[in-house]
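Q: One file: query16.txt (compact mmCIF, N, CA and C atoms).
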```txt
# COMPACT_ATOMS: atom_id res chain seq x y z
N MET A 1 41.50 5.51 30.69
CA MET A 1 40.49 6.22 29.93
C MET A 1 39.69 7.06 30.92
N PRO A 2 39.50 8.35 30.62
CA PRO A 2 38.73 9.20 31.51
C PRO A 2 37.28 8.72 31.60
N ARG A 3 36.68 8.97 32.75
CA ARG A 3 35.32 8.51 33.03
C ARG A 3 34.31 9.09 32.03
N ALA A 4 34.41 10.35 31.66
CA ALA A 4 33.48 10.98 30.72
C ALA A 4 33.56 10.31 29.35
N GLN A 5 34.77 9.98 28.93
CA GLN A 5 34.93 9.33 27.62
C GLN A 5 34.33 7.92 27.65
N ALA A 6 34.52 7.19 28.73
CA ALA A 6 33.95 5.85 28.86
C ALA A 6 32.43 5.91 28.85
N SER A 7 31.86 6.93 29.52
CA SER A 7 30.40 7.10 29.53
C SER A 7 29.88 7.40 28.13
N ALA A 8 30.60 8.22 27.39
CA ALA A 8 30.19 8.57 26.04
C ALA A 8 30.21 7.34 25.13
N ILE A 9 31.23 6.50 25.28
CA ILE A 9 31.32 5.28 24.48
C ILE A 9 30.17 4.34 24.82
N LEU A 10 29.86 4.21 26.12
CA LEU A 10 28.76 3.35 26.55
C LEU A 10 27.43 3.83 25.99
N VAL A 11 27.19 5.14 26.04
CA VAL A 11 25.95 5.71 25.51
C VAL A 11 25.86 5.48 24.01
N ALA A 12 26.95 5.70 23.29
CA ALA A 12 26.95 5.50 21.84
C ALA A 12 26.68 4.03 21.50
N THR A 13 27.24 3.11 22.26
CA THR A 13 27.01 1.69 22.02
C THR A 13 25.55 1.32 22.25
N VAL A 14 24.97 1.81 23.33
CA VAL A 14 23.57 1.52 23.64
C VAL A 14 22.65 2.11 22.57
N VAL A 15 22.90 3.35 22.15
CA VAL A 15 22.06 4.00 21.14
C VAL A 15 22.15 3.25 19.82
N SER A 16 23.34 2.85 19.40
CA SER A 16 23.46 2.12 18.13
C SER A 16 22.80 0.76 18.22
N SER A 17 22.87 0.11 19.37
CA SER A 17 22.20 -1.18 19.55
C SER A 17 20.69 -1.02 19.46
N VAL A 18 20.16 0.01 20.09
CA VAL A 18 18.72 0.27 20.04
C VAL A 18 18.30 0.55 18.60
N SER A 19 19.09 1.30 17.86
CA SER A 19 18.76 1.61 16.46
C SER A 19 18.73 0.35 15.62
N ILE A 20 19.67 -0.55 15.83
CA ILE A 20 19.71 -1.79 15.07
C ILE A 20 18.50 -2.65 15.40
N VAL A 21 18.18 -2.79 16.69
CA VAL A 21 17.02 -3.57 17.09
C VAL A 21 15.75 -2.96 16.53
N ASP A 22 15.62 -1.64 16.59
CA ASP A 22 14.43 -0.96 16.07
C ASP A 22 14.31 -1.18 14.56
N THR A 23 15.40 -1.10 13.84
CA THR A 23 15.38 -1.30 12.40
C THR A 23 14.95 -2.72 12.06
N VAL A 24 15.50 -3.71 12.73
CA VAL A 24 15.14 -5.10 12.47
C VAL A 24 13.69 -5.35 12.83
N THR A 25 13.25 -4.85 13.99
CA THR A 25 11.86 -5.02 14.42
C THR A 25 10.92 -4.36 13.43
N HIS A 26 11.24 -3.15 12.97
CA HIS A 26 10.38 -2.44 12.01
C HIS A 26 10.32 -3.21 10.69
N ALA A 27 11.45 -3.75 10.25
CA ALA A 27 11.46 -4.49 8.99
C ALA A 27 10.60 -5.75 9.11
N GLU A 28 10.70 -6.45 10.25
CA GLU A 28 9.90 -7.65 10.43
C GLU A 28 8.42 -7.34 10.47
N SER A 29 8.05 -6.28 11.21
CA SER A 29 6.63 -5.96 11.34
C SER A 29 6.06 -5.42 10.04
N SER A 30 6.87 -4.71 9.26
CA SER A 30 6.34 -4.16 8.02
C SER A 30 6.10 -5.26 6.97
N ASN A 31 6.78 -6.41 7.12
CA ASN A 31 6.53 -7.51 6.21
C ASN A 31 5.18 -8.15 6.46
N ASN A 32 4.69 -8.05 7.67
CA ASN A 32 3.47 -8.73 8.03
C ASN A 32 2.29 -7.78 8.24
N ILE A 33 2.52 -6.66 8.84
CA ILE A 33 1.44 -5.77 9.23
C ILE A 33 1.65 -4.40 8.59
N ILE A 34 0.56 -3.82 8.10
CA ILE A 34 0.62 -2.51 7.46
C ILE A 34 0.41 -1.43 8.53
N ASN A 35 1.37 -0.50 8.59
CA ASN A 35 1.35 0.55 9.59
C ASN A 35 1.24 1.95 9.02
N THR A 36 1.44 2.10 7.71
CA THR A 36 1.44 3.43 7.10
C THR A 36 0.74 3.39 5.74
N VAL A 37 0.39 4.57 5.25
CA VAL A 37 -0.21 4.67 3.92
C VAL A 37 0.80 4.21 2.87
N ARG A 38 2.05 4.51 3.06
CA ARG A 38 3.09 4.07 2.11
C ARG A 38 3.12 2.55 2.04
N GLU A 39 3.05 1.87 3.18
CA GLU A 39 3.03 0.42 3.19
C GLU A 39 1.75 -0.13 2.56
N LEU A 40 0.64 0.56 2.77
CA LEU A 40 -0.64 0.18 2.16
C LEU A 40 -0.53 0.23 0.64
N ARG A 41 -0.01 1.32 0.13
CA ARG A 41 0.15 1.46 -1.33
C ARG A 41 1.12 0.42 -1.88
N ALA A 42 2.19 0.16 -1.16
CA ALA A 42 3.15 -0.86 -1.62
C ALA A 42 2.51 -2.24 -1.65
N ALA A 43 1.69 -2.55 -0.66
CA ALA A 43 1.01 -3.86 -0.63
C ALA A 43 0.04 -3.98 -1.80
N LEU A 44 -0.68 -2.92 -2.10
CA LEU A 44 -1.62 -2.97 -3.22
C LEU A 44 -0.89 -3.07 -4.55
N ARG A 45 0.21 -2.33 -4.70
CA ARG A 45 0.99 -2.42 -5.94
C ARG A 45 1.58 -3.81 -6.12
N ALA A 46 2.00 -4.43 -5.02
CA ALA A 46 2.56 -5.78 -5.11
C ALA A 46 1.50 -6.79 -5.54
N CYS A 47 0.26 -6.51 -5.24
CA CYS A 47 -0.84 -7.41 -5.59
C CYS A 47 -1.36 -7.16 -7.02
N TRP A 48 -1.10 -6.00 -7.56
CA TRP A 48 -1.67 -5.60 -8.85
C TRP A 48 -1.21 -6.52 -9.96
N GLY A 49 -2.17 -6.90 -10.78
CA GLY A 49 -1.87 -7.66 -11.98
C GLY A 49 -2.71 -7.11 -13.12
N PRO A 50 -2.09 -6.58 -14.17
CA PRO A 50 -2.86 -6.07 -15.31
C PRO A 50 -3.61 -7.20 -15.99
N PRO A 51 -4.58 -6.87 -16.83
CA PRO A 51 -5.37 -7.92 -17.49
C PRO A 51 -4.49 -8.85 -18.32
N ASN A 52 -4.87 -10.09 -18.36
CA ASN A 52 -4.10 -11.10 -19.11
C ASN A 52 -4.76 -11.42 -20.44
N ILE A 53 -5.33 -10.44 -21.10
CA ILE A 53 -6.06 -10.73 -22.34
C ILE A 53 -5.39 -10.12 -23.56
N GLY A 54 -4.12 -9.77 -23.43
CA GLY A 54 -3.38 -9.29 -24.59
C GLY A 54 -3.57 -7.81 -24.89
N ILE A 55 -4.29 -7.08 -24.04
CA ILE A 55 -4.48 -5.66 -24.33
C ILE A 55 -3.75 -4.78 -23.34
N SER A 56 -2.94 -5.40 -22.50
CA SER A 56 -2.20 -4.64 -21.50
C SER A 56 -1.27 -3.65 -22.19
N ARG A 57 -1.31 -2.43 -21.75
CA ARG A 57 -0.47 -1.38 -22.33
C ARG A 57 0.57 -0.95 -21.31
N ALA A 58 1.77 -0.69 -21.78
CA ALA A 58 2.85 -0.28 -20.88
C ALA A 58 2.56 1.06 -20.23
N ASN A 59 1.87 1.95 -20.92
CA ASN A 59 1.63 3.28 -20.38
C ASN A 59 0.22 3.47 -19.84
N MET A 60 -0.52 2.40 -19.65
CA MET A 60 -1.89 2.47 -19.16
C MET A 60 -1.88 2.81 -17.68
N THR A 61 -2.74 3.74 -17.28
CA THR A 61 -2.89 4.12 -15.88
C THR A 61 -4.35 4.08 -15.51
N ILE A 62 -4.61 3.56 -14.33
CA ILE A 62 -5.96 3.57 -13.77
C ILE A 62 -5.83 4.07 -12.33
N SER A 63 -6.66 5.03 -11.97
CA SER A 63 -6.67 5.56 -10.61
C SER A 63 -7.99 5.23 -9.96
N VAL A 64 -7.94 4.95 -8.68
CA VAL A 64 -9.14 4.54 -7.96
C VAL A 64 -9.16 5.20 -6.57
N ARG A 65 -10.35 5.55 -6.14
CA ARG A 65 -10.54 6.06 -4.79
C ARG A 65 -11.28 4.99 -4.01
N MET A 66 -10.73 4.63 -2.86
CA MET A 66 -11.34 3.58 -2.05
C MET A 66 -11.15 3.89 -0.58
N SER A 67 -11.93 3.20 0.22
CA SER A 67 -11.83 3.31 1.67
C SER A 67 -11.76 1.92 2.25
N PHE A 68 -11.24 1.86 3.46
CA PHE A 68 -11.10 0.58 4.14
C PHE A 68 -11.78 0.62 5.50
N LYS A 69 -12.17 -0.55 5.96
CA LYS A 69 -12.63 -0.70 7.32
C LYS A 69 -11.40 -0.85 8.22
N HIS A 70 -11.59 -0.75 9.52
CA HIS A 70 -10.45 -0.83 10.43
C HIS A 70 -9.73 -2.18 10.37
N ASN A 71 -10.42 -3.22 9.91
CA ASN A 71 -9.82 -4.56 9.84
C ASN A 71 -9.16 -4.85 8.49
N GLY A 72 -9.08 -3.87 7.59
CA GLY A 72 -8.40 -4.05 6.31
C GLY A 72 -9.30 -4.45 5.17
N GLU A 73 -10.60 -4.62 5.43
CA GLU A 73 -11.54 -4.93 4.35
C GLU A 73 -11.87 -3.67 3.57
N ILE A 74 -12.23 -3.84 2.30
CA ILE A 74 -12.66 -2.71 1.47
C ILE A 74 -14.02 -2.24 1.97
N LEU A 75 -14.18 -0.94 2.08
CA LEU A 75 -15.45 -0.35 2.49
C LEU A 75 -16.16 0.17 1.25
N GLY A 76 -17.29 -0.39 0.93
CA GLY A 76 -18.05 0.06 -0.23
C GLY A 76 -17.44 -0.42 -1.53
N ILE A 77 -17.75 0.33 -2.59
CA ILE A 77 -17.29 -0.02 -3.94
C ILE A 77 -16.23 1.00 -4.37
N PRO A 78 -15.03 0.54 -4.70
CA PRO A 78 -13.99 1.47 -5.17
C PRO A 78 -14.46 2.23 -6.41
N LEU A 79 -14.11 3.50 -6.47
CA LEU A 79 -14.52 4.37 -7.56
C LEU A 79 -13.33 4.65 -8.47
N ILE A 80 -13.45 4.30 -9.74
CA ILE A 80 -12.40 4.64 -10.70
C ILE A 80 -12.52 6.12 -11.02
N THR A 81 -11.44 6.83 -10.77
CA THR A 81 -11.45 8.28 -10.98
C THR A 81 -10.72 8.70 -12.25
N TYR A 82 -9.91 7.81 -12.81
CA TYR A 82 -9.17 8.16 -14.02
C TYR A 82 -8.73 6.89 -14.73
N THR A 83 -8.80 6.92 -16.04
CA THR A 83 -8.15 5.92 -16.89
C THR A 83 -7.45 6.68 -18.01
N SER A 84 -6.40 6.10 -18.52
CA SER A 84 -5.66 6.74 -19.61
C SER A 84 -6.60 7.06 -20.76
N LEU A 85 -6.31 8.15 -21.44
CA LEU A 85 -7.12 8.56 -22.59
C LEU A 85 -6.88 7.65 -23.78
N GLY A 86 -7.87 7.55 -24.63
CA GLY A 86 -7.72 6.84 -25.88
C GLY A 86 -7.83 5.33 -25.77
N ILE A 87 -8.46 4.83 -24.72
CA ILE A 87 -8.63 3.38 -24.63
C ILE A 87 -10.08 3.04 -24.96
N SER A 88 -10.28 1.84 -25.40
CA SER A 88 -11.63 1.41 -25.77
C SER A 88 -12.42 1.02 -24.52
N GLU A 89 -13.70 0.85 -24.70
CA GLU A 89 -14.56 0.42 -23.59
C GLU A 89 -14.18 -0.99 -23.14
N ASP A 90 -13.79 -1.85 -24.07
CA ASP A 90 -13.35 -3.20 -23.71
C ASP A 90 -12.09 -3.15 -22.84
N GLU A 91 -11.15 -2.29 -23.21
CA GLU A 91 -9.94 -2.13 -22.40
C GLU A 91 -10.29 -1.59 -21.01
N ARG A 92 -11.15 -0.62 -20.95
CA ARG A 92 -11.58 -0.03 -19.68
C ARG A 92 -12.20 -1.11 -18.79
N GLN A 93 -13.08 -1.93 -19.36
CA GLN A 93 -13.72 -3.00 -18.59
C GLN A 93 -12.70 -4.06 -18.14
N ALA A 94 -11.74 -4.36 -19.00
CA ALA A 94 -10.71 -5.34 -18.63
C ALA A 94 -9.87 -4.84 -17.47
N TYR A 95 -9.53 -3.55 -17.50
CA TYR A 95 -8.75 -2.99 -16.39
C TYR A 95 -9.58 -2.91 -15.12
N ARG A 96 -10.87 -2.64 -15.24
CA ARG A 96 -11.74 -2.65 -14.06
C ARG A 96 -11.81 -4.05 -13.47
N ALA A 97 -11.92 -5.06 -14.31
CA ALA A 97 -11.94 -6.44 -13.84
C ALA A 97 -10.62 -6.80 -13.15
N ALA A 98 -9.49 -6.35 -13.71
CA ALA A 98 -8.19 -6.61 -13.10
C ALA A 98 -8.09 -5.92 -11.74
N LEU A 99 -8.63 -4.71 -11.64
CA LEU A 99 -8.64 -4.01 -10.36
C LEU A 99 -9.49 -4.77 -9.34
N ASP A 100 -10.67 -5.21 -9.75
CA ASP A 100 -11.54 -5.97 -8.85
C ASP A 100 -10.87 -7.26 -8.39
N GLU A 101 -10.18 -7.95 -9.30
CA GLU A 101 -9.47 -9.18 -8.95
C GLU A 101 -8.34 -8.89 -7.96
N THR A 102 -7.63 -7.79 -8.18
CA THR A 102 -6.55 -7.41 -7.28
C THR A 102 -7.08 -7.18 -5.88
N LEU A 103 -8.15 -6.40 -5.77
CA LEU A 103 -8.70 -6.09 -4.45
C LEU A 103 -9.29 -7.34 -3.78
N ALA A 104 -9.91 -8.21 -4.56
CA ALA A 104 -10.45 -9.45 -3.99
C ALA A 104 -9.33 -10.36 -3.49
N ARG A 105 -8.21 -10.40 -4.23
CA ARG A 105 -7.09 -11.24 -3.87
C ARG A 105 -6.34 -10.70 -2.64
N CYS A 106 -6.26 -9.40 -2.51
CA CYS A 106 -5.44 -8.80 -1.47
C CYS A 106 -6.20 -8.52 -0.17
N ALA A 107 -7.45 -8.20 -0.27
CA ALA A 107 -8.21 -7.80 0.91
C ALA A 107 -8.74 -9.02 1.62
N PRO A 108 -8.87 -8.99 2.92
CA PRO A 108 -8.53 -7.86 3.76
C PRO A 108 -7.01 -7.75 3.95
N LEU A 109 -6.55 -6.53 4.04
CA LEU A 109 -5.14 -6.26 4.24
C LEU A 109 -4.83 -6.31 5.73
N PRO A 110 -3.62 -6.71 6.08
CA PRO A 110 -3.26 -6.86 7.50
C PRO A 110 -2.87 -5.54 8.17
N PHE A 111 -3.86 -4.74 8.52
CA PHE A 111 -3.60 -3.46 9.18
C PHE A 111 -3.26 -3.68 10.65
N SER A 112 -2.35 -2.88 11.15
CA SER A 112 -2.14 -2.85 12.60
C SER A 112 -3.38 -2.21 13.22
N ASP A 113 -3.61 -2.45 14.49
CA ASP A 113 -4.77 -1.85 15.15
C ASP A 113 -4.73 -0.33 15.08
N ALA A 114 -3.56 0.24 15.30
CA ALA A 114 -3.43 1.70 15.28
C ALA A 114 -3.71 2.25 13.89
N PHE A 115 -3.11 1.64 12.85
CA PHE A 115 -3.32 2.13 11.49
C PHE A 115 -4.76 1.92 11.06
N GLY A 116 -5.34 0.79 11.41
CA GLY A 116 -6.74 0.52 11.07
C GLY A 116 -7.67 1.57 11.66
N SER A 117 -7.38 2.00 12.86
CA SER A 117 -8.20 3.03 13.50
C SER A 117 -8.07 4.38 12.80
N VAL A 118 -6.89 4.67 12.30
CA VAL A 118 -6.65 5.95 11.63
C VAL A 118 -7.23 5.97 10.23
N ILE A 119 -7.08 4.89 9.48
CA ILE A 119 -7.44 4.87 8.06
C ILE A 119 -8.91 4.54 7.83
N ALA A 120 -9.56 3.94 8.80
CA ALA A 120 -10.95 3.46 8.64
C ALA A 120 -11.86 4.58 8.15
N GLY A 121 -12.52 4.33 7.01
CA GLY A 121 -13.49 5.26 6.45
C GLY A 121 -12.91 6.44 5.69
N ARG A 122 -11.62 6.61 5.72
CA ARG A 122 -11.00 7.74 5.02
C ARG A 122 -10.65 7.34 3.59
N PRO A 123 -11.02 8.16 2.63
CA PRO A 123 -10.71 7.80 1.24
C PRO A 123 -9.21 7.89 0.95
N ILE A 124 -8.75 6.97 0.15
CA ILE A 124 -7.37 6.97 -0.30
C ILE A 124 -7.39 6.82 -1.81
N ASN A 125 -6.56 7.58 -2.48
CA ASN A 125 -6.45 7.50 -3.94
C ASN A 125 -5.23 6.66 -4.27
N MET A 126 -5.40 5.77 -5.22
CA MET A 126 -4.33 4.85 -5.60
C MET A 126 -4.25 4.79 -7.11
N ARG A 127 -3.03 4.84 -7.63
CA ARG A 127 -2.81 4.78 -9.07
C ARG A 127 -2.08 3.48 -9.40
N PHE A 128 -2.59 2.77 -10.40
CA PHE A 128 -1.96 1.54 -10.87
C PHE A 128 -1.49 1.77 -12.30
N HIS A 129 -0.30 1.25 -12.62
CA HIS A 129 0.28 1.38 -13.97
C HIS A 129 0.32 0.04 -14.62
```
Write out the structure in this file as structure tokens.
A:
Amino acid sequence: MPRAQASAILVATVVSSVSIVDTVTHAESSNNIINTVRELRAALRACWGPPNIGISRANMTISVRMSFKHNGEILGIPLITYTSLGISEDERQAYRAALDETLARCAPLPFSDAFGSVIAGRPINMRFH
């Protein structure tokens, strides 16, 4: 086997090994620590539970603007910016209570130090269905 071809095979093997290790390491860390806004939204959606009082609607949407501290705690009071049209005040209050329960159950979120530094104090909009 020519030397150049052997070198190319060695480089390809090393690169593919590094990619596999990086993928496994990223998957493990993303299960425990939040590093991106996408992971933050996924963690919040996984925690979301609609109200359990029989008024849950399949097409109900609630949007909220919130901020976090660098350690993953909620900063201030989340602001509801949108709820689906045509719902009663009781339904609106039930969904607000469900949102509050979700945030109380999930927070503080496990932010990485780097992500916590970037996201701290910046508003993020989140939609729950």
Q: Residues near region 71-84 of chain A, anyone? I mean within 5 Å using all atoms listed in the file, not counting same-chain ones fewer than 5 positions away, as a VMD selection string.
A: chain A and resid 61 to 66 108 to 109
Q: In Å, with one decimal, what is the gap from CA of Arg96 (chain A) to atom N of Met126 (chain A)?
A: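 One can read the CA of Arg96 (chain A) to atom N of Met126 (chain A) distance as 13.8 Å.
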Q: Can you sort out the box for region 48-53 of chain A, edges along x, y and z, all listed atoms in, 5 Å on every side, with centre and edge lengths in Å to one decimal, as JSON?
A:
```
{"center_x": -3.6, "center_y": -8.5, "center_z": -15.6, "size_x": 15.0, "size_y": 15.8, "size_z": 26.0}
```
Q: Could you give me the residues within region 70-111 of chain A that DSSP places in strand (DSSP E or B), as an NGL selection string?
A: :A and (74-83 or 111)
Q: Near region 36-42 of chain A, counting all atoms listed in the file, which residues have an atom at most 8 Å away, once you skip same-chain residues fewer than 3 positions from it, shown as a ChimeraX atom specification?
A: /A:30,33,45-48,111-112,115-116,126-127
Q: Report as a list in words all protein, DNA and RNA residues lying within 7 Å of region 99-102 of chain A, evaluated on all atoms listed in the file, omitting residues in the same chain fewer than 5 positions from it.
A: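 Here the qualifying residues turn out to be Cys47, Trp48, Gly49, Pro50, Pro51, Ala94 and Ala107 of chain A.
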Q: Between CA of Asn35 (chain A) and atom C of Lys69 (chain A), what distance in Å does the model show, to one decimal?
A: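 Separating CA of Asn35 (chain A) from atom C of Lys69 (chain A) is a distance of 12.9 Å.
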Q: Can you work out which one of A:Leu85, A:Pro110, A:His129, A:Ile124 has the shortest atom-to-atom distance to Asn32 (chain A), counting only N, CA and C atoms?
A: A:Pro110
Q: Grab the CA of Tyr95 (chain A) to CA of Gly121 (chain A) distance for me, in Å with one decimal place.
A: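 So the answer is 24.7 Å.
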Q: Between A:Leu44, A:Gly86, A:Glu91, A:Ala120, which one has atoms that come closest to Phe68 (chain A), using only C-alpha atoms?
A: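 Selected residue with least distance to Phe68 (chain A): A:Ala120.
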